[in-house]
Amino acid sequence: MSEKIILLVEDNPDDEALAIRALKRNHIRNEIVVAHDGVEALDYLFGTGVYTGRNVSVKPAVVLLDLKLPRIDGTEVLRRLREDERTSLLPVVILTTSSEEQDLLNSYALGCNSYIRKPVDFLQFSEAVRQLGMYWLLMNEPPPV
Amino acid sequence: MNPEKLARLRELCRDEEAFEQIKQTLADEIQQLEQENNQAYFQVAQQKALFRVITRIRECLDLESIFHATAIEVRQLLGADRVGMFRFYPDSGADDGEFVSEDVDPAFSSAMAQKIHDHCFGDQFAVHYQQGRIQAVTDIYNYGLSDCHIQILAQFQVRANLAVPLLQGQYLWGLLCIHQCRAPREWQQTEIEFVTQIANHLGVALQHAELITNLQVEVQERQQAEQAVRTINQGLQRAIIELQAMNKELEAFSYSVSHDLRAPLRSIDGFSQALLEDYYEHLDLTGQDYLKRIRAATQRMGHLIDDLLNLSRVMRSDMYLESVDLSILAQDICTELQQSQPERQVNFVIQTGLISQGDHRLLQVLLANLLHNAWKFTSKHAHARIEFGTLSTENSIPVYFVRDDGAGFEMTYANKLFKPFQRLHSTIEFSGNGIGLATVQRIVHRHGGRVWAEAAVDQGATFYFTLVAEDAAA
């Protein structure tokens, strides 16, 4: 499964470190690309900005998307991904702090594939990440390119 | 008689005596005819005057101008010196009043605006007038009036007086007074009848005026009430707008709390765990214990934030009222509780068919909190009993209760129960953060009801609640 890329969209360096730690801890050794805000995430996926020239046909197996992000927030990123035919089918998992009803409703309405609330307890978080990796990288069949 | 006609008559008569007799007979006849003619003329004039008065009463709603025009009309027709409308002051018992309108010969003084204390008739005075009594005095000095009454009339230079009551329905409103000042006057029956008719019509005008006054008062009151309602509505509108704005702010606040407050906790917990995993050998037992305490505390804080957010959600979420089967809700919660700790011996007694109007989601939270508490505070008993049901009450408001036979509490502290963060047991004895009952109370209040508790230490606790405003159900 080493060819499958994970795109982690996360602005908080602590959360980034903990997410990567949780992935490593669960022996998920796939390439992890980190985007620190919405703009970076869109640049990576559409080959714009700092990612100009990137071969965009190489797509992540799953996008782990935080909602509260600088510049362009997660909800907006999701909306733009669903609007563009190149990414409309891309698996997107919302991985965020809140379980506010409006966030859940918005995210599902915009077509997220899953919504995970990060628990405070790291062991629970690690378990969630393990299951996420198992499911999206091993069990799930991605949409055809 | 015409002299030419008399001369011809004389020629026709044979003797002087016969002529004289005929002449006298004819003269009598003619005089009577002339009298009748005069009377007929007066009656026509009366009818015309009456017609004008009635027309004015119909056309005009203003008492003052009706009175004034009527006074002129009547004085002219009767050749009287003064015609006035005397009004008794309300509540004076027809003992005191004043002229409110008049028409007077310029040779005599005005009677208007002179307060008259008419205390000469005694108690029966008003009663007589109320029964339609008319006073027709030819000469005040020759009628047997009391000195007192003569004095009053003399103030207005009255010699002859005709007074007819003005009745507003049954109420003696005042008198229509015709005064002759220059000389005594014998009032003719036709004149008295005419004045009586005028007084009757004025009575109708008085009743109309009263109705109009009442209507105007009612209209004014209604307008004031409407204005008051409008003012209240505007106030309410403003309050609603302010509340909506506050709710929005609260929502934004709790949204950012939900996102931002928990993030640092994850870092503290995550890196504490990382230390425990990666630097385990470098830490002695005390160091490991400290890290475990840090982790436990962050997780408690995490739960606290979650509970507070839930509490605030309970307070601000929209309510959708529907029929909710509380028995089914309670049954589902109890089933979950039993499954969470299958080894516990708890007897659930749930009254079936308890249906209430309310918000399904909020009522679920309400029952879950109360039943979780019951479950928690019976955990130290080998056998426990948890009940949900209603009390039969005299008024129609159902009182629901959740009862357990667990740890209970001292009633002294019962008033602290429903305040956020208030706990009656230490966290070592029973876990919890004191948000549950605060949440319960908010939900009950949002339904307009009340919540209260009864308990004794080690004898269990009962929580009662209603879901209807008591004054609304009465």
# chains A, B, ... in the order shown; residues from 1 in each chain; ligands from 1
$ interface_residues --of "chain A" --to "chain B" --cutoff "9 Å" --atoms "only C-alpha atoms" --output "list in words"
Asn12, Asp14, Asp15, Leu18, Arg21, Lys68, Thr96, Thr97, Ser98, Ser99, Glu100, Lys118, Pro119, Val120, Asp121, Phe122, Leu123 and Phe125 of chain A
$ select_by_dssp --residues "chain A" --states "helix (DSSP H, G or I)" --output "ChimeraX atom specification"
/A:13-25,38-46,49-51,74-83,101-109,122-139
$ atom_distance --atom1 "CA of Val349 (chain B)" --atom2 "CA of Val440 (chain B)"
20.9 Å
$ select_by_dssp --residues "region 13-61 of chain A" --states "strand (DSSP E)" --output "VMD selection string"
chain A and resid 31 to 35
$ atom_distance --atom1 "CA of Val74 (chain B)" --atom2 "CA of Ala49 (chain B)"
7.4 Å
$ residues_around --residues "region 179-191 of chain B" --least-positions-apart "3" --cutoff "12 Å" --atoms "only C-alpha atoms" --output "VMD selection string"
chain B and resid 39 to 40 42 to 47 71 74 to 75 77 to 85 102 to 111 134 to 143 153 to 164 176 194 to 198
$ write_last_selection --atoms "C-alpha atoms" --output "PDB file, in the first residue's frame"
ATOM      1  CA  GLN B  39    -105.541  79.020  17.742  1.00  0.00           C
ATOM      2  CA  ALA B  40    -105.171  77.228  14.441  1.00  0.00           C
ATOM      3  CA  PHE B  42    -100.698  79.141  16.727  1.00  0.00           C
ATOM      4  CA  GLN B  43    -100.917  75.397  16.291  1.00  0.00           C
ATOM      5  CA  VAL B  44     -99.454  75.594  12.814  1.00  0.00           C
ATOM      6  CA  ALA B  45     -96.677  77.804  14.135  1.00  0.00           C
ATOM      7  CA  GLN B  46     -96.127  75.325  16.977  1.00  0.00           C
ATOM      8  CA  GLN B  47     -95.936  72.431  14.570  1.00  0.00           C
ATOM      9  CA  ALA B  71     -84.448  78.313  23.161  1.00  0.00           C
ATOM     10  CA  VAL B  74     -89.552  78.543  21.793  1.00  0.00           C
ATOM     11  CA  ARG B  75     -89.100  82.094  23.088  1.00  0.00           C
ATOM     12  CA  LEU B  77     -93.218  81.361  19.466  1.00  0.00           C
ATOM     13  CA  LEU B  78     -94.434  81.895  23.030  1.00  0.00           C
ATOM     14  CA  GLY B  79     -93.425  85.513  23.221  1.00  0.00           C
ATOM     15  CA  ALA B  80     -91.659  84.717  26.488  1.00  0.00           C
ATOM     16  CA  ASP B  81     -88.954  86.862  28.082  1.00  0.00           C
ATOM     17  CA  ARG B  82     -86.523  84.040  28.813  1.00  0.00           C
ATOM     18  CA  VAL B  83     -86.205  80.396  27.790  1.00  0.00           C
ATOM     19  CA  GLY B  84     -83.443  78.423  29.480  1.00  0.00           C
ATOM     20  CA  MET B  85     -82.153  74.909  29.964  1.00  0.00           C
ATOM     21  CA  GLU B 102     -80.756  80.360  27.251  1.00  0.00           C
ATOM     22  CA  ASP B 103     -82.336  82.888  25.002  1.00  0.00           C
ATOM     23  CA  VAL B 104     -83.347  86.052  26.838  1.00  0.00           C
ATOM     24  CA  ASP B 105     -85.011  89.336  25.963  1.00  0.00           C
ATOM     25  CA  PRO B 106     -82.213  91.954  26.065  1.00  0.00           C
ATOM     26  CA  ALA B 107     -84.259  93.938  28.573  1.00  0.00           C
ATOM     27  CA  PHE B 108     -83.618  91.273  31.208  1.00  0.00           C
ATOM     28  CA  SER B 109     -80.472  89.833  32.719  1.00  0.00           C
ATOM     29  CA  SER B 110     -78.900  86.546  31.702  1.00  0.00           C
ATOM     30  CA  ALA B 111     -79.467  83.585  33.985  1.00  0.00           C
ATOM     31  CA  ILE B 134     -94.925  70.332  35.285  1.00  0.00           C
ATOM     32  CA  GLN B 135     -94.965  73.577  37.210  1.00  0.00           C
ATOM     33  CA  ALA B 136     -96.976  76.381  35.598  1.00  0.00           C
ATOM     34  CA  VAL B 137     -96.885  79.493  37.790  1.00  0.00           C
ATOM     35  CA  THR B 138     -98.965  82.462  36.634  1.00  0.00           C
ATOM     36  CA  ASP B 139     -97.589  84.873  39.223  1.00  0.00           C
ATOM     37  CA  ILE B 140     -94.890  83.855  41.638  1.00  0.00           C
ATOM     38  CA  TYR B 141     -96.245  86.276  44.264  1.00  0.00           C
ATOM     39  CA  ASN B 142     -99.682  84.767  44.091  1.00  0.00           C
ATOM     40  CA  TYR B 143     -99.210  81.029  43.838  1.00  0.00           C
ATOM     41  CA  LEU B 153     -87.008  83.180  40.975  1.00  0.00           C
ATOM     42  CA  ALA B 154     -86.883  86.893  41.787  1.00  0.00           C
ATOM     43  CA  GLN B 155     -83.110  86.803  41.242  1.00  0.00           C
ATOM     44  CA  PHE B 156     -83.943  86.364  37.567  1.00  0.00           C
ATOM     45  CA  GLN B 157     -86.773  88.915  37.606  1.00  0.00           C
ATOM     46  CA  VAL B 158     -89.254  86.110  37.003  1.00  0.00           C
ATOM     47  CA  ARG B 159     -92.993  86.858  37.345  1.00  0.00           C
ATOM     48  CA  ALA B 160     -94.488  83.836  35.633  1.00  0.00           C
ATOM     49  CA  ASN B 161     -92.711  80.515  35.376  1.00  0.00           C
ATOM     50  CA  LEU B 162     -93.291  77.359  33.350  1.00  0.00           C
ATOM     51  CA  ALA B 163     -90.895  74.509  34.230  1.00  0.00           C
ATOM     52  CA  VAL B 164     -90.956  71.153  32.441  1.00  0.00           C
ATOM     53  CA  LEU B 176     -86.785  73.465  30.518  1.00  0.00           C
ATOM     54  CA  PHE B 194     -96.084  72.411  23.228  1.00  0.00           C
ATOM     55  CA  VAL B 195     -93.336  72.961  25.800  1.00  0.00           C
ATOM     56  CA  THR B 196     -93.784  69.395  27.049  1.00  0.00           C
ATOM     57  CA  GLN B 197     -93.336  68.061  23.510  1.00  0.00           C
ATOM     58  CA  ILE B 198     -90.219  70.160  23.075  1.00  0.00           C
TER      59      ILE B 198
END
$ decode --residues "region 14-134 of chain A" --atoms "C-alpha atoms" --output "PDB file, in the first residue's frame"
ATOM      1  CA  ASP A  14       0.659  19.792  17.373  1.00  0.00           C
ATOM      2  CA  ASP A  15      -2.262  18.086  15.719  1.00  0.00           C
ATOM      3  CA  GLU A  16      -0.110  17.446  12.654  1.00  0.00           C
ATOM      4  CA  ALA A  17       2.574  15.816  14.768  1.00  0.00           C
ATOM      5  CA  LEU A  18       0.059  13.758  16.714  1.00  0.00           C
ATOM      6  CA  ALA A  19      -1.738  12.618  13.564  1.00  0.00           C
ATOM      7  CA  ILE A  20       1.550  11.541  11.976  1.00  0.00           C
ATOM      8  CA  ARG A  21       2.552   9.866  15.215  1.00  0.00           C
ATOM      9  CA  ALA A  22      -0.764   7.997  15.311  1.00  0.00           C
ATOM     10  CA  LEU A  23      -0.297   6.844  11.710  1.00  0.00           C
ATOM     11  CA  LYS A  24       3.268   5.652  12.366  1.00  0.00           C
ATOM     12  CA  ARG A  25       2.249   4.016  15.628  1.00  0.00           C
ATOM     13  CA  ASN A  26      -0.242   1.949  13.652  1.00  0.00           C
ATOM     14  CA  HIS A  27       2.370   1.013  11.028  1.00  0.00           C
ATOM     15  CA  ILE A  28       0.764   3.035   8.286  1.00  0.00           C
ATOM     16  CA  ARG A  29       3.830   3.902   6.225  1.00  0.00           C
ATOM     17  CA  ASN A  30       2.159   5.546   3.269  1.00  0.00           C
ATOM     18  CA  GLU A  31       3.397   8.883   2.014  1.00  0.00           C
ATOM     19  CA  ILE A  32       1.776  11.683   4.004  1.00  0.00           C
ATOM     20  CA  VAL A  33       1.449  15.055   2.317  1.00  0.00           C
ATOM     21  CA  VAL A  34       0.604  17.852   4.734  1.00  0.00           C
ATOM     22  CA  ALA A  35      -1.207  21.009   3.630  1.00  0.00           C
ATOM     23  CA  HIS A  36      -1.326  23.729   6.304  1.00  0.00           C
ATOM     24  CA  ASP A  37      -4.392  25.534   5.073  1.00  0.00           C
ATOM     25  CA  GLY A  38      -7.149  25.337   2.493  1.00  0.00           C
ATOM     26  CA  VAL A  39      -5.199  27.173  -0.182  1.00  0.00           C
ATOM     27  CA  GLU A  40      -2.305  24.747   0.050  1.00  0.00           C
ATOM     28  CA  ALA A  41      -4.666  21.786  -0.106  1.00  0.00           C
ATOM     29  CA  LEU A  42      -6.357  23.080  -3.277  1.00  0.00           C
ATOM     30  CA  ASP A  43      -2.961  23.979  -4.806  1.00  0.00           C
ATOM     31  CA  TYR A  44      -1.772  20.404  -4.242  1.00  0.00           C
ATOM     32  CA  LEU A  45      -4.884  18.815  -5.699  1.00  0.00           C
ATOM     33  CA  PHE A  46      -5.187  21.155  -8.726  1.00  0.00           C
ATOM     34  CA  GLY A  47      -1.472  21.720  -9.393  1.00  0.00           C
ATOM     35  CA  THR A  48      -1.544  25.450  -8.742  1.00  0.00           C
ATOM     36  CA  GLY A  49       0.469  27.902  -6.601  1.00  0.00           C
ATOM     37  CA  VAL A  50       3.421  26.222  -4.868  1.00  0.00           C
ATOM     38  CA  TYR A  51       2.389  22.933  -6.556  1.00  0.00           C
ATOM     39  CA  THR A  52       2.395  24.329 -10.108  1.00  0.00           C
ATOM     40  CA  GLY A  53       3.520  21.582 -12.452  1.00  0.00           C
ATOM     41  CA  ARG A  54       2.614  18.717 -10.150  1.00  0.00           C
ATOM     42  CA  ASN A  55       1.120  15.721 -11.934  1.00  0.00           C
ATOM     43  CA  VAL A  56      -2.439  16.025 -10.664  1.00  0.00           C
ATOM     44  CA  SER A  57      -3.443  12.621 -11.963  1.00  0.00           C
ATOM     45  CA  VAL A  58      -1.584  11.319  -8.920  1.00  0.00           C
ATOM     46  CA  LYS A  59      -4.327  11.613  -6.333  1.00  0.00           C
ATOM     47  CA  PRO A  60      -4.348  10.810  -2.659  1.00  0.00           C
ATOM     48  CA  ALA A  61      -6.237   7.716  -1.600  1.00  0.00           C
ATOM     49  CA  VAL A  62      -7.917   9.805   1.070  1.00  0.00           C
ATOM     50  CA  VAL A  63      -7.974  13.441   2.220  1.00  0.00           C
ATOM     51  CA  LEU A  64      -8.054  13.983   5.990  1.00  0.00           C
ATOM     52  CA  LEU A  65      -9.578  17.450   6.163  1.00  0.00           C
ATOM     53  CA  ASP A  66      -9.803  19.711   9.191  1.00  0.00           C
ATOM     54  CA  LEU A  67     -12.652  22.247   9.140  1.00  0.00           C
ATOM     55  CA  LYS A  68     -11.166  25.259  10.897  1.00  0.00           C
ATOM     56  CA  LEU A  69      -8.341  26.395   8.665  1.00  0.00           C
ATOM     57  CA  PRO A  70      -6.667  29.700   7.831  1.00  0.00           C
ATOM     58  CA  ARG A  71      -7.447  31.454   4.537  1.00  0.00           C
ATOM     59  CA  ILE A  72      -9.856  28.927   2.996  1.00  0.00           C
ATOM     60  CA  ASP A  73     -11.653  26.760   5.559  1.00  0.00           C
ATOM     61  CA  GLY A  74     -12.384  23.059   5.274  1.00  0.00           C
ATOM     62  CA  THR A  75     -16.000  23.447   4.260  1.00  0.00           C
ATOM     63  CA  GLU A  76     -15.018  25.661   1.340  1.00  0.00           C
ATOM     64  CA  VAL A  77     -12.242  23.247   0.311  1.00  0.00           C
ATOM     65  CA  LEU A  78     -14.775  20.420   0.264  1.00  0.00           C
ATOM     66  CA  ARG A  79     -17.228  22.495  -1.785  1.00  0.00           C
ATOM     67  CA  ARG A  80     -14.564  23.275  -4.411  1.00  0.00           C
ATOM     68  CA  LEU A  81     -13.415  19.653  -4.573  1.00  0.00           C
ATOM     69  CA  ARG A  82     -16.976  18.462  -5.201  1.00  0.00           C
ATOM     70  CA  GLU A  83     -17.534  21.140  -7.849  1.00  0.00           C
ATOM     71  CA  ASP A  84     -14.487  20.100  -9.888  1.00  0.00           C
ATOM     72  CA  GLU A  85     -14.900  16.914 -11.912  1.00  0.00           C
ATOM     73  CA  ARG A  86     -11.255  15.954 -11.288  1.00  0.00           C
ATOM     74  CA  THR A  87     -11.870  15.682  -7.562  1.00  0.00           C
ATOM     75  CA  SER A  88     -15.637  15.260  -7.273  1.00  0.00           C
ATOM     76  CA  LEU A  89     -15.282  11.593  -6.340  1.00  0.00           C
ATOM     77  CA  LEU A  90     -12.165  11.923  -4.171  1.00  0.00           C
ATOM     78  CA  PRO A  91     -12.636  10.288  -0.732  1.00  0.00           C
ATOM     79  CA  VAL A  92     -12.688  13.071   1.884  1.00  0.00           C
ATOM     80  CA  VAL A  93     -12.776  12.354   5.599  1.00  0.00           C
ATOM     81  CA  ILE A  94     -13.521  15.298   7.863  1.00  0.00           C
ATOM     82  CA  LEU A  95     -11.177  15.030  10.851  1.00  0.00           C
ATOM     83  CA  THR A  96     -11.965  17.838  13.222  1.00  0.00           C
ATOM     84  CA  THR A  97     -12.436  18.956  16.798  1.00  0.00           C
ATOM     85  CA  SER A  98     -16.081  19.895  16.809  1.00  0.00           C
ATOM     86  CA  SER A  99     -19.200  17.865  16.605  1.00  0.00           C
ATOM     87  CA  GLU A 100     -21.402  20.929  16.213  1.00  0.00           C
ATOM     88  CA  GLU A 101     -24.573  20.044  14.401  1.00  0.00           C
ATOM     89  CA  GLN A 102     -24.014  22.739  11.776  1.00  0.00           C
ATOM     90  CA  ASP A 103     -20.577  21.312  10.928  1.00  0.00           C
ATOM     91  CA  LEU A 104     -21.942  17.791  10.546  1.00  0.00           C
ATOM     92  CA  LEU A 105     -24.875  18.960   8.424  1.00  0.00           C
ATOM     93  CA  ASN A 106     -22.721  21.189   6.198  1.00  0.00           C
ATOM     94  CA  SER A 107     -20.082  18.543   5.674  1.00  0.00           C
ATOM     95  CA  TYR A 108     -22.489  15.784   4.755  1.00  0.00           C
ATOM     96  CA  ALA A 109     -24.545  18.160   2.608  1.00  0.00           C
ATOM     97  CA  LEU A 110     -21.380  19.019   0.647  1.00  0.00           C
ATOM     98  CA  GLY A 111     -20.587  15.336   0.177  1.00  0.00           C
ATOM     99  CA  CYS A 112     -17.929  14.288   2.649  1.00  0.00           C
ATOM    100  CA  ASN A 113     -17.396  10.527   2.836  1.00  0.00           C
ATOM    101  CA  SER A 114     -16.969  10.344   6.578  1.00  0.00           C
ATOM    102  CA  TYR A 115     -16.864  12.597   9.629  1.00  0.00           C
ATOM    103  CA  ILE A 116     -14.556  11.829  12.569  1.00  0.00           C
ATOM    104  CA  ARG A 117     -14.359  13.913  15.695  1.00  0.00           C
ATOM    105  CA  LYS A 118     -10.849  13.905  17.188  1.00  0.00           C
ATOM    106  CA  PRO A 119     -11.088  12.654  20.766  1.00  0.00           C
ATOM    107  CA  VAL A 120      -9.056  14.378  23.495  1.00  0.00           C
ATOM    108  CA  ASP A 121      -7.719  11.003  24.613  1.00  0.00           C
ATOM    109  CA  PHE A 122      -4.714  10.256  22.402  1.00  0.00           C
ATOM    110  CA  LEU A 123      -5.190   6.503  22.683  1.00  0.00           C
ATOM    111  CA  GLN A 124      -8.713   6.848  21.364  1.00  0.00           C
ATOM    112  CA  PHE A 125      -7.445   9.154  18.630  1.00  0.00           C
ATOM    113  CA  SER A 126      -4.751   6.665  17.699  1.00  0.00           C
ATOM    114  CA  GLU A 127      -7.341   3.914  17.487  1.00  0.00           C
ATOM    115  CA  ALA A 128      -9.516   6.084  15.268  1.00  0.00           C
ATOM    116  CA  VAL A 129      -6.557   6.765  12.965  1.00  0.00           C
ATOM    117  CA  ARG A 130      -5.719   3.055  12.837  1.00  0.00           C
ATOM    118  CA  GLN A 131      -9.255   2.217  11.761  1.00  0.00           C
ATOM    119  CA  LEU A 132      -9.272   5.089   9.275  1.00  0.00           C
ATOM    120  CA  GLY A 133      -6.055   3.837   7.678  1.00  0.00           C
ATOM    121  CA  MET A 134      -7.270   0.271   7.603  1.00  0.00           C
TER     122      MET A 134
END
